[in-house]
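Single-structure report; data block below.
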Amino acid sequence: MDLSAIDPLVLAASIMVASTPILLAALGEMVVERAGVLNLGVEGMMITGAVCGFIIAVQGESPALGFLAAAAGGAGLALLFGFLTQYLLANQVASGLALTMFGLGLSALLGQDYIGIKAPAMGEVHVPLLAEIPVLGPVLFRHDPMVYLSVALVAGVWAFLRYSRAGLILRAVGENHDAAHALGYKVVRIRMAAIAFGGALAGLGGAYISLVRVPQWTEGMTAGAGWIALAIVVFASWRPWRVLLGAYLFGGVTVLQLNLQAAGVDIPVVYLSMLPYLVTIFVLVVMSASSGRAALGAPAALGRVFHASG
Amino acid sequence: MKRRTVLKGAGALALGAGLAAPAWAQKKVKAGFIYVGPVGDGGWTYEHDQGRLAVEAHFGDQVETVFQESVPEGADAERAMTQMALGGADIIFATSFGYMDPVINVAAKFPKVKFEHATGFKRAENVSTYSARFYEGRAVQGLLAGRMTRTNKIGYIASFPIPEVIRGINSAYIHARKVNPDVEFSVVWVYTWFDPAKEADAANALIEQGADVVLQHTDSTAPQAAAEKAGNVYTFGQASDMAEYAPMPRISSIIDNWAPYYIRRVQAVMDGTWKSEDTWDGIGAGMVEIGEITEVVPADVRAEAEALRDAIAAGEYHPFTGPLKKQDGSAWLAEGEVADDGTLAGMNFYVEGMKGDIPS
């Protein structure tokens with residue numbers, strides 16, 4: 001055993017990198033679910049974002065353009081889901097699952113010519129002054145812009161939901177769409193906007209994998225990250241800062257166990273890999289022990305079909 | 001004049017053969033393939049699919065192939081294979097270790113369908129197993145790794161603790177240590193064959209802790225990309241050449257060449273001579289190929305590696321030749337003794353000098 005081989009600073013930094021994709025995707029999904037829509041297609045939107053971002057980044061030789069395209073791609077796919085569920089009133093669970101499969105297939109098709117190509121590199125941004133702080137500097141302030149953006153988005157979503165009128169309306173739609181409708185809010189339009197936002201964030205998360213974390217395009221490369229994002233939303237009981245905590249916990253455990261293994265620490269890998277899921281179950285049990293759905297923090301209208309005819 | 005008649009005759013013959021073709025087409029053989037990853041993984045599954053395409057190219061109209069990709073190991077594989085068998089497949093290639101029990105179960109239900117299971121060890125009347133002696137290629141990689149490392153720390157991204165993977169680790173370690181007694185292996189088990197993000201994380205963890213050569217037994221090119229980003233790190237293509245990362249970080253590779261085997265087995269189905277067999281071929285038979293060793297490797301080391309490769313191919317040298325001890329210090333192979341296939345097929349121990357335990 002040689003724990004000294006693990007540099008805690010490097011470890012903390014790589015945990016942030018490993019957690020960013022699931023953080024972005026989970027944050028987007030949380031907004032969608034707060035609006036009362038359950039979109040299980042996160043994985044499909046992530047992989048579509050990953051391939052769109054990669055293609056455009058390679059073509060335009062600019063990672064920034066790639067991320068924009070990823071957001072657009074993810075949002076586009078999400079709008080397809082929105083059209084099916086909000087206008088045609090299709091079943092959300094089935095549509096979401098279909099979206100995942102569609103996204104996986106579509107991305108494989110789009111990405112055919114991009115296997116084995118290298119992505120343009122994304123530079124790190126050392127925040128002036130802050131990056132020089134001992135210990136905290138290298139951990140927190142020497143990353144690529146997407147890491148900062150993801151944390152900023154968490155704060156933004158939190159402030160939006162808590163303090164803005166639009167955020168209040170979004171929550172109202174998620175809690176009771178009939179009441180919101182009776183008050184004159186456009187339930188379907190608000191939900192479509194939330195769905196597009198969720199898709200865009202999932203797309204960004206996917207592109208972070210294909211442009212920064214791996215970085216290359218490989219079919220099926222998100223490999224289940226979308227499902228973890230869905231679990232994090234539940235773990236976080238639909239609150240933004242807990243989403244951040246959950247994403248860093250899930251990402252952290254993955255990276256930590258790989259590092260412990262590399263250092264030759266004798267740990268049962270299987271148990272450590274289970275840990276985030278066990279914690280999720282534990283959190284759910286504790287929260288649901290008090291009083292059902294409301295205590296969990298789940299939006300009351302989550303997954304329910306809305307039709308103006310009532 | 002005479003020649004023209006001959007040509008005409010040949011033409012008529014060709015026409016006759018052409019007319020006879022539809023009769024052949026009636027007996028079109030349908031070959032199914034089950035893949036654990038996507039065909040575009042650039043590694044393991046990609047090479048199996050190249051084998052499938054070679055079957056199509058070789059037999060043309062006489063054969064029809066179907067495949068299903070990204071089939072999880074376990075119950076879902078059983079469903080996929082059942083579907084294929086019901087769809088009229090004559091022979092099904094299940095190309096991952098974890099399909100072992102599903103193959104046996106489905107094969108019992110379809111006694112007329114032939115099954116071929118890659119890297120497994122359970123056979124039945126209509127189930128053959130086939131594998132490549134990847135450990136022969138690992139020996140060459142180990143030698144290169146031992147010669148090229150400056151930190152004497154070699155990282156190894158392992159998938160699952162199964163004999164095939166453990167054999168590879170042992171073979172690489174034995175030959176790395178032979179040329180560099182100070183070398184140390186650190187093995188990371190990622191419990192997946194294909195997860196680019198996790199493979200990249202594993203490679204980064206190893207590199208951050210000082211490994212400057214990273215071997216992988218997972219299927220994507222993500223570790224290559226991670227090594228390239230890190231700079232001074234060497235890697236090897238796994239299952240596929242991964243030549244897009246040559247000459248650095250990828251300095252050589254193990255390439256699986258399944259095409260000759262797949263063609264032979266489909267031919268056997270056509271001829272009605274298919275029998276349950278166990279095939280285990282290596283460098284000599286061409287099932288395992290060593291990808292080009294790049295110019296980053298000094299010429300003398302390259303020559304040394306090629307000599308090792310050729311000795312193995314010629315059958316003059318076996319990568320598991322004694323004296324060798326097990327990790328716990330107990331005796332395994334005496335001086336000059338060669339490991340038997342049975343022990344290799346079920347290998348569940350490290351050789352002496354390896355650190356850490358194999359997870360159970």
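Residue numbering restarts at 1 for every chain of the structure tokens, chains are lettered A, B, ... in their displayed order, and ligands are numbered from 1 as they appear.
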Based on the backbone DSSP call, show me all residues of segment 77-304 of chain B assigned helix (DSSP H, G or I), as an NGL selection string. :B and (77-86 or 97-109 or 134-148 or 163-179 or 196-208 or 222-230 or 243-245 or 259-271 or 299-304)
List as JSON lines every residue of chain B that is in contact with chain A, defined as an atom at most 7 Å from one of its atoms (using only C-alpha atoms), together with the nearest atom pair and the distance in Å rounded to one decimal, sorted by chain and then rising number.
```
{"residue": "B:Pro38", "atom": "CA", "partner": "A:Glu219", "partner_atom": "CA", "distance": 6.2}
{"residue": "B:Gly40", "atom": "CA", "partner": "A:Glu219", "partner_atom": "CA", "distance": 5.7}
{"residue": "B:Asp41", "atom": "CA", "partner": "A:Thr218", "partner_atom": "CA", "distance": 5.9}
{"residue": "B:Ser186", "atom": "CA", "partner": "A:Ala262", "partner_atom": "CA", "distance": 5.6}
{"residue": "B:Val187", "atom": "CA", "partner": "A:Ala262", "partner_atom": "CA", "distance": 6.2}
{"residue": "B:Val188", "atom": "CA", "partner": "A:Gln261", "partner_atom": "CA", "distance": 5.4}
{"residue": "B:Asp195", "atom": "CA", "partner": "A:Ala223", "partner_atom": "CA", "distance": 5.5}
{"residue": "B:Pro196", "atom": "CA", "partner": "A:Met221", "partner_atom": "CA", "distance": 5.6}
{"residue": "B:Ala197", "atom": "CA", "partner": "A:Val214", "partner_atom": "CA", "distance": 5.7}
{"residue": "B:Ala200", "atom": "CA", "partner": "A:Val214", "partner_atom": "CA", "distance": 5.7}
{"residue": "B:Asp201", "atom": "CA", "partner": "A:Val255", "partner_atom": "CA", "distance": 6.6}
{"residue": "B:Ala202", "atom": "CA", "partner": "A:Leu258", "partner_atom": "CA", "distance": 5.7}
{"residue": "B:Ala205", "atom": "CA", "partner": "A:Asn259", "partner_atom": "CA", "distance": 5.2}
{"residue": "B:Leu206", "atom": "CA", "partner": "A:Ala262", "partner_atom": "CA", "distance": 5.7}
{"residue": "B:Gln209", "atom": "CA", "partner": "A:Ala5", "partner_atom": "CA", "distance": 5.5}
{"residue": "B:Ala222", "atom": "CA", "partner": "A:Val214", "partner_atom": "CA", "distance": 5.6}
{"residue": "B:Ala225", "atom": "CA", "partner": "A:Pro215", "partner_atom": "CA", "distance": 6.5}
{"residue": "B:Ala226", "atom": "CA", "partner": "A:Val214", "partner_atom": "CA", "distance": 6.7}
{"residue": "B:Glu244", "atom": "CA", "partner": "A:Gly116", "partner_atom": "CA", "distance": 6.2}
{"residue": "B:Gly356", "atom": "CA", "partner": "A:Gly264", "partner_atom": "CA", "distance": 6.1}
```
Looking only at the backbone, which of the residues in segment 75-303 of chain A does DSSP tag as strand (DSSP E or B), as a ChimeraX atom specification? /A:118,125-126,142-143,216
Can you spit out the residues from that selection as a PDB file, in the first residue's frame, using all heavy atoms?
```pdb
ATOM      1  N   LYS A 118      -8.984  13.246 -33.781  1.00  0.00           N
ATOM      2  CA  LYS A 118      -8.726  13.919 -32.509  1.00  0.00           C
ATOM      3  C   LYS A 118      -9.446  15.265 -32.442  1.00  0.00           C
ATOM      4  O   LYS A 118      -9.554  15.971 -33.436  1.00  0.00           O
ATOM      5  CB  LYS A 118      -7.222  14.129 -32.338  1.00  0.00           C
ATOM      6  CG  LYS A 118      -6.550  12.815 -32.006  1.00  0.00           C
ATOM      7  CD  LYS A 118      -5.080  12.832 -32.321  1.00  0.00           C
ATOM      8  CE  LYS A 118      -4.602  11.409 -32.522  1.00  0.00           C
ATOM      9  NZ  LYS A 118      -3.388  11.335 -33.309  1.00  0.00           N
ATOM     10  N   VAL A 125      -8.322  27.453 -18.054  1.00  0.00           N
ATOM     11  CA  VAL A 125      -8.343  28.859 -17.690  1.00  0.00           C
ATOM     12  C   VAL A 125      -7.898  28.967 -16.236  1.00  0.00           C
ATOM     13  O   VAL A 125      -8.564  28.438 -15.352  1.00  0.00           O
ATOM     14  CB  VAL A 125      -9.756  29.450 -17.849  1.00  0.00           C
ATOM     15  CG1 VAL A 125      -9.763  30.897 -17.363  1.00  0.00           C
ATOM     16  CG2 VAL A 125     -10.205  29.345 -19.285  1.00  0.00           C
ATOM     17  N   HIS A 126      -6.769  29.572 -16.033  1.00  0.00           N
ATOM     18  CA  HIS A 126      -6.326  29.806 -14.666  1.00  0.00           C
ATOM     19  C   HIS A 126      -6.903  31.141 -14.228  1.00  0.00           C
ATOM     20  O   HIS A 126      -6.564  32.176 -14.800  1.00  0.00           O
ATOM     21  CB  HIS A 126      -4.809  29.847 -14.584  1.00  0.00           C
ATOM     22  CG  HIS A 126      -4.188  28.501 -14.848  1.00  0.00           C
ATOM     23  ND1 HIS A 126      -2.929  28.171 -14.434  1.00  0.00           N
ATOM     24  CD2 HIS A 126      -4.675  27.415 -15.468  1.00  0.00           C
ATOM     25  CE1 HIS A 126      -2.665  26.929 -14.807  1.00  0.00           C
ATOM     26  NE2 HIS A 126      -3.706  26.443 -15.434  1.00  0.00           N
ATOM     27  N   ARG A 142      -8.037  26.013 -11.639  1.00  0.00           N
ATOM     28  CA  ARG A 142      -7.227  25.717 -12.822  1.00  0.00           C
ATOM     29  C   ARG A 142      -7.916  24.655 -13.663  1.00  0.00           C
ATOM     30  O   ARG A 142      -7.447  23.521 -13.766  1.00  0.00           O
ATOM     31  CB  ARG A 142      -5.826  25.244 -12.414  1.00  0.00           C
ATOM     32  CG  ARG A 142      -5.005  26.365 -11.832  1.00  0.00           C
ATOM     33  CD  ARG A 142      -3.598  25.943 -11.561  1.00  0.00           C
ATOM     34  NE  ARG A 142      -2.929  26.959 -10.750  1.00  0.00           N
ATOM     35  CZ  ARG A 142      -1.743  26.794 -10.205  1.00  0.00           C
ATOM     36  NH1 ARG A 142      -1.096  25.657 -10.378  1.00  0.00           N
ATOM     37  NH2 ARG A 142      -1.187  27.755  -9.493  1.00  0.00           N
ATOM     38  N   HIS A 143      -9.052  24.992 -14.195  1.00  0.00           N
ATOM     39  CA  HIS A 143      -9.817  24.039 -14.997  1.00  0.00           C
ATOM     40  C   HIS A 143     -10.157  24.631 -16.344  1.00  0.00           C
ATOM     41  O   HIS A 143      -9.874  25.797 -16.620  1.00  0.00           O
ATOM     42  CB  HIS A 143     -11.105  23.657 -14.263  1.00  0.00           C
ATOM     43  CG  HIS A 143     -10.869  22.780 -13.089  1.00  0.00           C
ATOM     44  ND1 HIS A 143     -10.472  21.469 -13.219  1.00  0.00           N
ATOM     45  CD2 HIS A 143     -10.935  23.020 -11.762  1.00  0.00           C
ATOM     46  CE1 HIS A 143     -10.328  20.952 -12.016  1.00  0.00           C
ATOM     47  NE2 HIS A 143     -10.587  21.858 -11.123  1.00  0.00           N
ATOM     48  N   GLN A 216     -12.373  12.089 -27.504  1.00  0.00           N
ATOM     49  CA  GLN A 216     -12.454  11.513 -28.840  1.00  0.00           C
ATOM     50  C   GLN A 216     -13.899  11.062 -29.024  1.00  0.00           C
ATOM     51  O   GLN A 216     -14.673  11.078 -28.070  1.00  0.00           O
ATOM     52  CB  GLN A 216     -11.534  10.307 -28.984  1.00  0.00           C
ATOM     53  CG  GLN A 216     -11.926   9.194 -28.047  1.00  0.00           C
ATOM     54  CD  GLN A 216     -11.032   7.972 -28.134  1.00  0.00           C
ATOM     55  OE1 GLN A 216     -10.021   7.978 -28.778  1.00  0.00           O
ATOM     56  NE2 GLN A 216     -11.429   6.927 -27.471  1.00  0.00           N
TER      57      GLN A 216
END
```
List as an MDAnalysis selection string the protein and nucleic acid residues near segment 170-184 of chain B, meaning an atom at most 8 Å away when only C-alpha atoms are counted, but skip any in the same chain fewer than 5 places from it. chainID B and resid 135:136 138:147 152:154 319:320 350:351 354:355
Would you put the residues from that selection into a file with C-alpha atoms, as a PDB file, in the first residue's frame?
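Saved file part.pdb follows:
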```pdb
ATOM      1  CA  TYR B 135      -0.846 -13.802 -23.868  1.00  0.00           C
ATOM      2  CA  GLU B 136       1.690 -14.401 -26.642  1.00  0.00           C
ATOM      3  CA  ARG B 138       1.287  -9.665 -24.120  1.00  0.00           C
ATOM      4  CA  ALA B 139       4.773 -11.158 -23.818  1.00  0.00           C
ATOM      5  CA  VAL B 140       5.983  -8.858 -26.591  1.00  0.00           C
ATOM      6  CA  GLN B 141       4.219  -5.896 -24.980  1.00  0.00           C
ATOM      7  CA  GLY B 142       5.758  -6.737 -21.618  1.00  0.00           C
ATOM      8  CA  LEU B 143       9.234  -6.749 -23.111  1.00  0.00           C
ATOM      9  CA  LEU B 144       8.660  -3.388 -24.792  1.00  0.00           C
ATOM     10  CA  ALA B 145       7.120  -1.956 -21.605  1.00  0.00           C
ATOM     11  CA  GLY B 146      10.040  -3.121 -19.471  1.00  0.00           C
ATOM     12  CA  ARG B 147      12.547  -1.602 -21.891  1.00  0.00           C
ATOM     13  CA  ASN B 152       9.759   1.538 -13.704  1.00  0.00           C
ATOM     14  CA  LYS B 153       6.075   1.835 -13.025  1.00  0.00           C
ATOM     15  CA  ILE B 154       3.743   0.216 -15.514  1.00  0.00           C
ATOM     16  CA  PRO B 319       5.718 -17.305 -22.772  1.00  0.00           C
ATOM     17  CA  PHE B 320       5.031 -19.409 -19.684  1.00  0.00           C
ATOM     18  CA  TYR B 350      -0.507 -13.943 -10.169  1.00  0.00           C
ATOM     19  CA  VAL B 351       3.074 -14.983 -10.721  1.00  0.00           C
ATOM     20  CA  MET B 354       3.242  -9.145  -8.744  1.00  0.00           C
ATOM     21  CA  LYS B 355       1.797  -6.895  -6.055  1.00  0.00           C
TER      22      LYS B 355
END
```
Surrounding residues of Ala303 of chain B excluding itself and chain neighbours under 3 positions, 12 Å, only C-alpha atoms, as a PDB file with N, CA, C and O atoms, in the first residue's frame:
```
ATOM      1  N   VAL B 140       5.250  -9.859 -25.807  1.00  0.00           N
ATOM      2  CA  VAL B 140       5.983  -8.858 -26.591  1.00  0.00           C
ATOM      3  C   VAL B 140       5.763  -7.470 -25.997  1.00  0.00           C
ATOM      4  O   VAL B 140       6.694  -6.674 -25.862  1.00  0.00           O
ATOM      5  N   LEU B 143       7.826  -7.035 -22.822  1.00  0.00           N
ATOM      6  CA  LEU B 143       9.234  -6.749 -23.111  1.00  0.00           C
ATOM      7  C   LEU B 143       9.413  -5.278 -23.476  1.00  0.00           C
ATOM      8  O   LEU B 143      10.287  -4.595 -22.935  1.00  0.00           O
ATOM      9  N   LEU B 144       8.565  -4.788 -24.374  1.00  0.00           N
ATOM     10  CA  LEU B 144       8.660  -3.388 -24.792  1.00  0.00           C
ATOM     11  C   LEU B 144       8.433  -2.456 -23.600  1.00  0.00           C
ATOM     12  O   LEU B 144       9.160  -1.475 -23.417  1.00  0.00           O
ATOM     13  N   GLU B 292       2.617  -2.940 -35.954  1.00  0.00           N
ATOM     14  CA  GLU B 292       3.921  -2.345 -36.212  1.00  0.00           C
ATOM     15  C   GLU B 292       4.498  -1.677 -34.958  1.00  0.00           C
ATOM     16  O   GLU B 292       3.824  -0.931 -34.260  1.00  0.00           O
ATOM     17  N   ILE B 293       5.759  -1.966 -34.692  1.00  0.00           N
ATOM     18  CA  ILE B 293       6.443  -1.308 -33.581  1.00  0.00           C
ATOM     19  C   ILE B 293       7.024  -0.008 -34.120  1.00  0.00           C
ATOM     20  O   ILE B 293       7.795  -0.017 -35.075  1.00  0.00           O
ATOM     21  N   THR B 294       6.623   1.112 -33.521  1.00  0.00           N
ATOM     22  CA  THR B 294       6.929   2.401 -34.155  1.00  0.00           C
ATOM     23  C   THR B 294       8.377   2.824 -33.932  1.00  0.00           C
ATOM     24  O   THR B 294       9.103   2.260 -33.105  1.00  0.00           O
ATOM     25  N   GLU B 295       8.760   3.901 -34.646  1.00  0.00           N
ATOM     26  CA  GLU B 295      10.159   4.352 -34.623  1.00  0.00           C
ATOM     27  C   GLU B 295      10.549   5.001 -33.294  1.00  0.00           C
ATOM     28  O   GLU B 295      11.719   5.276 -33.062  1.00  0.00           O
ATOM     29  N   VAL B 297      10.501   3.512 -30.613  1.00  0.00           N
ATOM     30  CA  VAL B 297      11.229   2.454 -29.911  1.00  0.00           C
ATOM     31  C   VAL B 297      12.619   2.325 -30.551  1.00  0.00           C
ATOM     32  O   VAL B 297      12.724   2.215 -31.771  1.00  0.00           O
ATOM     33  N   PRO B 298      13.682   2.343 -29.725  1.00  0.00           N
ATOM     34  CA  PRO B 298      15.039   2.201 -30.284  1.00  0.00           C
ATOM     35  C   PRO B 298      15.174   0.912 -31.105  1.00  0.00           C
ATOM     36  O   PRO B 298      14.560  -0.104 -30.783  1.00  0.00           O
ATOM     37  N   ALA B 299      16.017   0.964 -32.131  1.00  0.00           N
ATOM     38  CA  ALA B 299      16.127  -0.147 -33.075  1.00  0.00           C
ATOM     39  C   ALA B 299      16.480  -1.474 -32.395  1.00  0.00           C
ATOM     40  O   ALA B 299      15.926  -2.526 -32.739  1.00  0.00           O
ATOM     41  N   ASP B 300      17.371  -1.439 -31.403  1.00  0.00           N
ATOM     42  CA  ASP B 300      17.779  -2.708 -30.791  1.00  0.00           C
ATOM     43  C   ASP B 300      16.623  -3.327 -29.996  1.00  0.00           C
ATOM     44  O   ASP B 300      16.451  -4.541 -29.978  1.00  0.00           O
ATOM     45  N   GLU B 306      10.893  -8.162 -31.875  1.00  0.00           N
ATOM     46  CA  GLU B 306      10.527  -8.943 -33.057  1.00  0.00           C
ATOM     47  C   GLU B 306      11.078 -10.358 -32.977  1.00  0.00           C
ATOM     48  O   GLU B 306      10.437 -11.320 -33.418  1.00  0.00           O
ATOM     49  N   ALA B 307      12.266 -10.487 -32.385  1.00  0.00           N
ATOM     50  CA  ALA B 307      12.844 -11.820 -32.214  1.00  0.00           C
ATOM     51  C   ALA B 307      11.962 -12.658 -31.283  1.00  0.00           C
ATOM     52  O   ALA B 307      11.719 -13.852 -31.539  1.00  0.00           O
ATOM     53  N   LEU B 308      11.478 -12.019 -30.212  1.00  0.00           N
ATOM     54  CA  LEU B 308      10.600 -12.731 -29.282  1.00  0.00           C
ATOM     55  C   LEU B 308       9.327 -13.164 -29.999  1.00  0.00           C
ATOM     56  O   LEU B 308       8.867 -14.312 -29.874  1.00  0.00           O
ATOM     57  N   ARG B 309       8.759 -12.227 -30.767  1.00  0.00           N
ATOM     58  CA  ARG B 309       7.543 -12.529 -31.517  1.00  0.00           C
ATOM     59  C   ARG B 309       7.767 -13.729 -32.443  1.00  0.00           C
ATOM     60  O   ARG B 309       6.968 -14.668 -32.480  1.00  0.00           O
ATOM     61  N   ASP B 310       8.898 -13.709 -33.166  1.00  0.00           N
ATOM     62  CA  ASP B 310       9.152 -14.773 -34.132  1.00  0.00           C
ATOM     63  C   ASP B 310       9.399 -16.121 -33.445  1.00  0.00           C
ATOM     64  O   ASP B 310       8.988 -17.164 -33.941  1.00  0.00           O
TER      65      ASP B 310
END
```
Each residue of segment 247-278 of chain B lying at most 9 Å from segment 84-104 of chain B should get a row with its shortest atom-to-atom pair and the distance in Å to one decimal, counting only C-alpha atoms; could you produce that, ordered by chain and increasing number, as JSON lines?
```
{"residue": "B:Tyr262", "atom": "CA", "partner": "B:Phe93", "partner_atom": "CA", "distance": 8.7}
{"residue": "B:Arg265", "atom": "CA", "partner": "B:Ile91", "partner_atom": "CA", "distance": 8.7}
{"residue": "B:Val266", "atom": "CA", "partner": "B:Ile91", "partner_atom": "CA", "distance": 7.5}
{"residue": "B:Val269", "atom": "CA", "partner": "B:Ile91", "partner_atom": "CA", "distance": 7.5}
```
Restricting the calculation to only C-alpha atoms: of A:Ala12, A:Ala301, A:Val253, A:Ala26, which residue gets closest to Ala180 of chain A? A:Ala301
Nearest candidate to Glu56 of chain B (options B:Ile263, B:Ala158, B:Ile166, B:Val36; using only C-alpha atoms):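 Among B:Ile263, B:Ala158, B:Ile166, B:Val36, it is B:Ile263 that comes nearest to Glu56 of chain B.
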Would you mind reading off the distance between atom CA of Asn348 of chain B and atom CA of Thr149 of chain B, one decimal, in Å? 27.0 Å
Using only C-alpha atoms, which protein or nucleic acid residues come within 10 Å of Ala236 of chain A? Drop anything in the same chain fewer than 2 positions from it, and give the result as a PyMOL selection string. chain A and resi 26-27+30+231-234+238-247+280+283-284+296-297
For C-alpha atoms, I'd like the residues from the last selection saved as a PDB file, in the first residue's frame.
```pdb
ATOM      1  CA  ALA A  26     -28.548  16.015 -13.800  1.00  0.00           C
ATOM      2  CA  LEU A  27     -29.053  19.754 -13.399  1.00  0.00           C
ATOM      3  CA  MET A  30     -33.840  18.453 -12.456  1.00  0.00           C
ATOM      4  CA  ALA A 231     -30.416   8.818 -10.119  1.00  0.00           C
ATOM      5  CA  ILE A 232     -28.690  11.975  -8.928  1.00  0.00           C
ATOM      6  CA  VAL A 233     -31.864  14.026  -9.403  1.00  0.00           C
ATOM      7  CA  VAL A 234     -33.719  11.696  -7.059  1.00  0.00           C
ATOM      8  CA  TRP A 238     -34.863  17.980  -6.769  1.00  0.00           C
ATOM      9  CA  ARG A 239     -32.643  20.674  -5.252  1.00  0.00           C
ATOM     10  CA  PRO A 240     -29.823  22.335  -7.205  1.00  0.00           C
ATOM     11  CA  TRP A 241     -27.050  22.358  -4.591  1.00  0.00           C
ATOM     12  CA  ARG A 242     -27.751  18.770  -3.704  1.00  0.00           C
ATOM     13  CA  VAL A 243     -27.428  17.942  -7.385  1.00  0.00           C
ATOM     14  CA  LEU A 244     -23.920  19.385  -7.203  1.00  0.00           C
ATOM     15  CA  LEU A 245     -23.189  17.346  -4.095  1.00  0.00           C
ATOM     16  CA  GLY A 246     -24.617  14.188  -5.646  1.00  0.00           C
ATOM     17  CA  ALA A 247     -22.692  14.580  -8.894  1.00  0.00           C
ATOM     18  CA  THR A 280     -29.176   7.049  -2.938  1.00  0.00           C
ATOM     19  CA  VAL A 283     -31.375   8.943   1.305  1.00  0.00           C
ATOM     20  CA  LEU A 284     -34.652   7.867  -0.253  1.00  0.00           C
ATOM     21  CA  LEU A 296     -39.255  13.417  -0.912  1.00  0.00           C
ATOM     22  CA  GLY A 297     -39.543  16.754  -2.615  1.00  0.00           C
TER      23      GLY A 297
END
```
Mind checking which residues fall within 12 Å of Ala166 of chain A, counting only C-alpha atoms, ignoring those fewer than 2 positions away in the same chain, and posting them as a PyMOL selection string? chain A and resi 35+157+159-164+168-173+185-186+190+193-194
Just want the 10 Å neighbourhood of Ser276 of chain B, counted on only C-alpha atoms, with same-chain residues fewer than 5 positions away dropped. Output as a PyMOL selection string. chain B and resi 114-116+123-129
Between atom CA of Ala75 of chain B and atom CA of Met101 of chain A - distance in Å to one decimal: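 About the pair atom CA of Met101 of chain A and atom CA of Ala75 of chain B: they are 19.2 Å apart.
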